[in-house]
Amino acid sequence: MTTISFAPFLPWWMLSVAAVLALGIGVLGVARSVRGAWIRLAAFAALILALANPLLLSENREALSTVVPVIVDRSQSQATEERRQMTDTAVAELRERLGRFANIEPRFVDVEEPENSDTPSTRLFEALSAAVADVPPARIGAAVMLTDGQIHDLPANASALGFDAPLHGLITGRVDETDRRIEIVRAPRFGIVGEEQELTFRVFDDGVEDNAPSDVTVTINGEPLSIVQAVPGEATPFTFTVPRGGSNVLEFEVSGLPGEVTDANNKAIHLIEGIRENLRVLLVSGEPHAGERAWRNLLKSDASVDLVHFTILRPPEKQDGTPINELSLIAFPTRELFVEKIDDFDLIIFDRYQHRGVLPILYYDYIAEYVQKGGALLIAAGPEHAGEDSIALTPLANVLPAAPTGEVHEAAFYPRLSEQGKRHPVTRGLDGSAQEPPQWGRWFRTIDVGQPEGETVMTGADDRPLLVLNRAAEGRVAMLLSDQGWLWARGFEGGGPHVSLYRRIAHWLMKEPELEEEALNARATGRTLEIRRQTIGDDPGPATVVYPSGRSEQVTLSEASPGLWRAERQMEETGLFTVQNGDFSALVHVGAVDAPEFKAMISTTDTLAPLGQATRGITTRLDDGGDGVQMPDILPVRGAVRVVDDRRLTVRLTDETVLKGIDTLPLFAGFAGVGLLLLAMSAMWWREGR
């Protein structure tokens, strides 16, 4: 491009004054017919023009390339083998075809899920904006999106794109795809343990006209719960009972469709936090003693415990002649507690209790039956447990893990954890247990028993059993074979962790999941999956993690502490994972439960078609009916795109250039300018001299 510019030697106002004077003199001369007036006027003009110093400017410009961003969807909905192969083939062909044009600059951007995103979704337009952030809108010739059409950040209209160029959509997948999915529509986040809750789910059959009922298998915490028939498209209510406190995982799995796109969304889960109502504990003390208050204070201090406590102050054999109506004692409601309402209690504690006729012998059968049906019993034994009135000599012996020998061992000792106790979650890691001797006070009495069943987790003097835990049918029993725990509560010799120990015993008896000695737990924090395996045995071996996509991976567990094996892994996928180790399995959901990435999986042209039409782009499927892809040709055009070509990707070529340099040529410089002035002056002198 060539232009003329000026670089005057004098200010423009001076040149203007000189021009006016010269013009006045010239006009006056012409008006009076002065000889040579026109030549004089031309000489003045040449002089003023020389002082204005005209320059001839020639710009050196280079044409800029037309930028075409190609956004490639690599989200989880594109992870099927067919779509992945179709995408790779289309990318290769686009590279080859766009590469034929020297003035087109393609920018390929693979869009995956953000690493720390808990809610997987396909956000292609965010990637498009980032890809052209450094490009003027006039240089963008077109935008191409290679996707299955499941996009979750669609702009409101075409003007929100920020450029005036066609938007093309190349859609992977087949036109006749089908997919079945299941979603939780409405569900409670919390529920009281043992009470019924209701949630609603819905099954969708995308791409299917027949709405035949389908079977939905429901499990809770990995245990089969029910099989429900659901009509696709209709909300289906489901009633269940919260089985335990803490996190509970409800899994709904619908039977698959033949040939569906994926079965990754045939499962849906709901996490419900189980809340226990106040635990009902019956504490029966055989007689007043120093340790009675320790149990009572501990249980009364827990706001989640409703305590019913009776102390036998006046056994039947104690006859002093005082009339019953003059005694200020509450009658022991044995029938109400041990017959009518025994199943209402979560835990029964016999604290230094002995059989002295207060309870009929038949009631011990009821207590044993209560345990075998899933109840919890704790025996805190004292010297009476070794006597002839021991409750171990009643029908209750059927559920007790150890029988007394009749001896009471009186000697100072430090309670110690056994090898099993170091691994058992009830006693593992008790404060002070890691040192030798343990950093807590001594006890002075144990009740001798024969070889116990179950696990002996604490020992007394000469390795005698001190704390024994055992299962009896569906219930659990614990025996604390000493009445000296109150010494820790009183701070004797520094005290000890009696609160922690007593509370763990009670929670284990009531089947709290975190205190199971053999358990596999998994939880997710963001994208991090944590696996915890509790065992009182040896190395449990690696865990198998089954991904939502179906692939599996072996994860090595390392021993974090005795009896506790752990592993952490940053997960690439989000969704429902299954963790397995031996006979144990656990379910865990990584990421948001209702992630949009899994709500719809069939490919569609409907999402991009409106934007394509508004920008004069095309939205077409790559499926050629076989194993290949049908790729539209590239059509470069100059100027605005006014029509749509259904078989070609239109690219608007840019007119933008970049200035590389300027060549300057002074018109009145050097001999040419001097010669022109001399010619004008000589002509004026010659004409006037005639």
# chains A, B, ... in the order shown; residues from 1 in each chain; ligands from 1
$ residues_around --residues "Leu557 in chain A" --least-positions-apart "4" --cutoff "7 Å" --atoms "only C-alpha atoms" --output "PyMOL selection string"
chain A and resi 541-543+565-567
$ residues_around --residues "range 280-297 of chain A" --least-positions-apart "5" --cutoff "8 Å" --atoms "only C-alpha atoms" --output "list in words"
Val305, Asp306, Leu307, Val308, His309, Phe310, Thr311, Ile312, Leu313, Asp344, Phe345, Asp346, Leu347, Ile348, Ile349, Phe350, Asp351, Arg352, Tyr353, Gln354, Asp483, Gln484, Gly485, Trp486 and Ala489 of chain A
$ write_last_selection --atoms "N, CA and C atoms" --output "tab-separated table (two decimals), in the first residue's frame"
chain	number	residue	atom	x	y	z
A	305	VAL	N	-27.23	-41.65	75.01
A	305	VAL	CA	-27.56	-42.86	75.76
A	305	VAL	C	-28.69	-42.58	76.74
A	306	ASP	N	-29.72	-43.40	76.65
A	306	ASP	CA	-30.77	-43.40	77.68
A	306	ASP	C	-30.45	-44.54	78.65
A	307	LEU	N	-30.07	-44.19	79.87
A	307	LEU	CA	-29.61	-45.18	80.83
A	307	LEU	C	-30.72	-45.54	81.81
A	308	VAL	N	-30.92	-46.85	81.97
A	308	VAL	CA	-31.78	-47.38	83.03
A	308	VAL	C	-30.87	-48.15	83.98
A	309	HIS	N	-30.76	-47.68	85.23
A	309	HIS	CA	-29.78	-48.23	86.18
A	309	HIS	C	-30.48	-48.70	87.45
A	310	PHE	N	-30.19	-49.93	87.79
A	310	PHE	CA	-30.69	-50.48	89.04
A	310	PHE	C	-29.51	-51.04	89.83
A	311	THR	N	-29.53	-50.80	91.14
A	311	THR	CA	-28.54	-51.39	92.04
A	311	THR	C	-29.28	-52.23	93.08
A	312	ILE	N	-28.85	-53.46	93.24
A	312	ILE	CA	-29.51	-54.37	94.18
A	312	ILE	C	-29.00	-54.03	95.58
A	313	LEU	N	-29.76	-53.21	96.31
A	313	LEU	CA	-29.37	-52.83	97.67
A	313	LEU	C	-29.90	-53.82	98.71
A	344	ASP	N	-36.12	-53.88	73.71
A	344	ASP	CA	-35.99	-52.43	73.53
A	344	ASP	C	-34.59	-51.93	73.88
A	345	PHE	N	-33.81	-52.77	74.56
A	345	PHE	CA	-32.48	-52.33	74.99
A	345	PHE	C	-31.43	-52.69	73.94
A	346	ASP	N	-30.50	-51.76	73.72
A	346	ASP	CA	-29.39	-52.00	72.81
A	346	ASP	C	-28.23	-52.70	73.52
A	347	LEU	N	-28.16	-52.56	74.84
A	347	LEU	CA	-27.06	-53.15	75.59
A	347	LEU	C	-27.51	-53.41	77.02
A	348	ILE	N	-27.15	-54.58	77.53
A	348	ILE	CA	-27.40	-54.92	78.93
A	348	ILE	C	-26.04	-55.12	79.59
A	349	ILE	N	-25.84	-54.48	80.74
A	349	ILE	CA	-24.59	-54.59	81.48
A	349	ILE	C	-24.89	-55.18	82.86
A	350	PHE	N	-24.24	-56.28	83.19
A	350	PHE	CA	-24.28	-56.82	84.55
A	350	PHE	C	-22.97	-56.44	85.22
A	351	ASP	N	-23.07	-55.54	86.19
A	351	ASP	CA	-21.89	-55.02	86.89
A	351	ASP	C	-21.81	-55.67	88.27
A	352	ARG	N	-20.89	-56.61	88.43
A	352	ARG	CA	-20.71	-57.35	89.68
A	352	ARG	C	-22.03	-57.94	90.17
A	353	TYR	N	-22.73	-58.51	89.21
A	353	TYR	CA	-24.04	-59.09	89.53
A	353	TYR	C	-23.88	-60.58	89.81
A	354	GLN	N	-24.64	-61.07	90.81
A	354	GLN	CA	-24.65	-62.49	91.13
A	354	GLN	C	-26.09	-62.97	91.29
A	483	ASP	N	-12.83	-55.88	88.51
A	483	ASP	CA	-13.66	-54.75	88.93
A	483	ASP	C	-12.79	-53.56	89.33
A	484	GLN	N	-11.56	-53.51	88.78
A	484	GLN	CA	-10.61	-52.49	89.21
A	484	GLN	C	-10.52	-51.31	88.24
A	485	GLY	N	-11.37	-51.25	87.23
A	485	GLY	CA	-11.30	-50.16	86.26
A	485	GLY	C	-11.52	-48.80	86.89
A	486	TRP	N	-12.19	-48.75	88.03
A	486	TRP	CA	-12.44	-47.47	88.69
A	486	TRP	C	-11.14	-46.80	89.15
A	489	ALA	N	-10.32	-44.36	86.64
A	489	ALA	CA	-11.24	-43.22	86.72
A	489	ALA	C	-10.86	-42.28	87.87
$ closest_residue --among "A:Glu198, A:Ala52, A:Met510, A:Pro333" --to "Ser5 in chain A" --atoms "only C-alpha atoms"
A:Ala52
$ select_by_dssp --residues "range 32-214 of chain A" --states "strand (DSSP E)" --output "VMD selection string"
chain A and resid 54 to 63 66 to 73 104 to 111 143 to 147 167 to 171 179 to 186 190 to 192 196 to 206 214
$ atom_distance --atom1 "CA of Gly475 in chain A" --atom2 "CA of Glu336 in chain A"
21.4 Å
$ residues_around --residues "Arg621 in chain A" --least-positions-apart "2" --cutoff "7 Å" --atoms "only C-alpha atoms" --output "PyMOL selection string"
chain A and resi 170-172+623
$ atom_distance --atom1 "CA of Glu517 in chain A" --atom2 "CA of Ser561 in chain A"
13.5 Å
$ atom_distance --atom1 "CA of Pro438 in chain A" --atom2 "CA of Glu407 in chain A"
25.9 Å
$ closest_residue --among "A:Gln85, A:Ser552, A:Ser585, A:Gln197" --to "Thr239 in chain A" --atoms "only C-alpha atoms"
A:Gln197
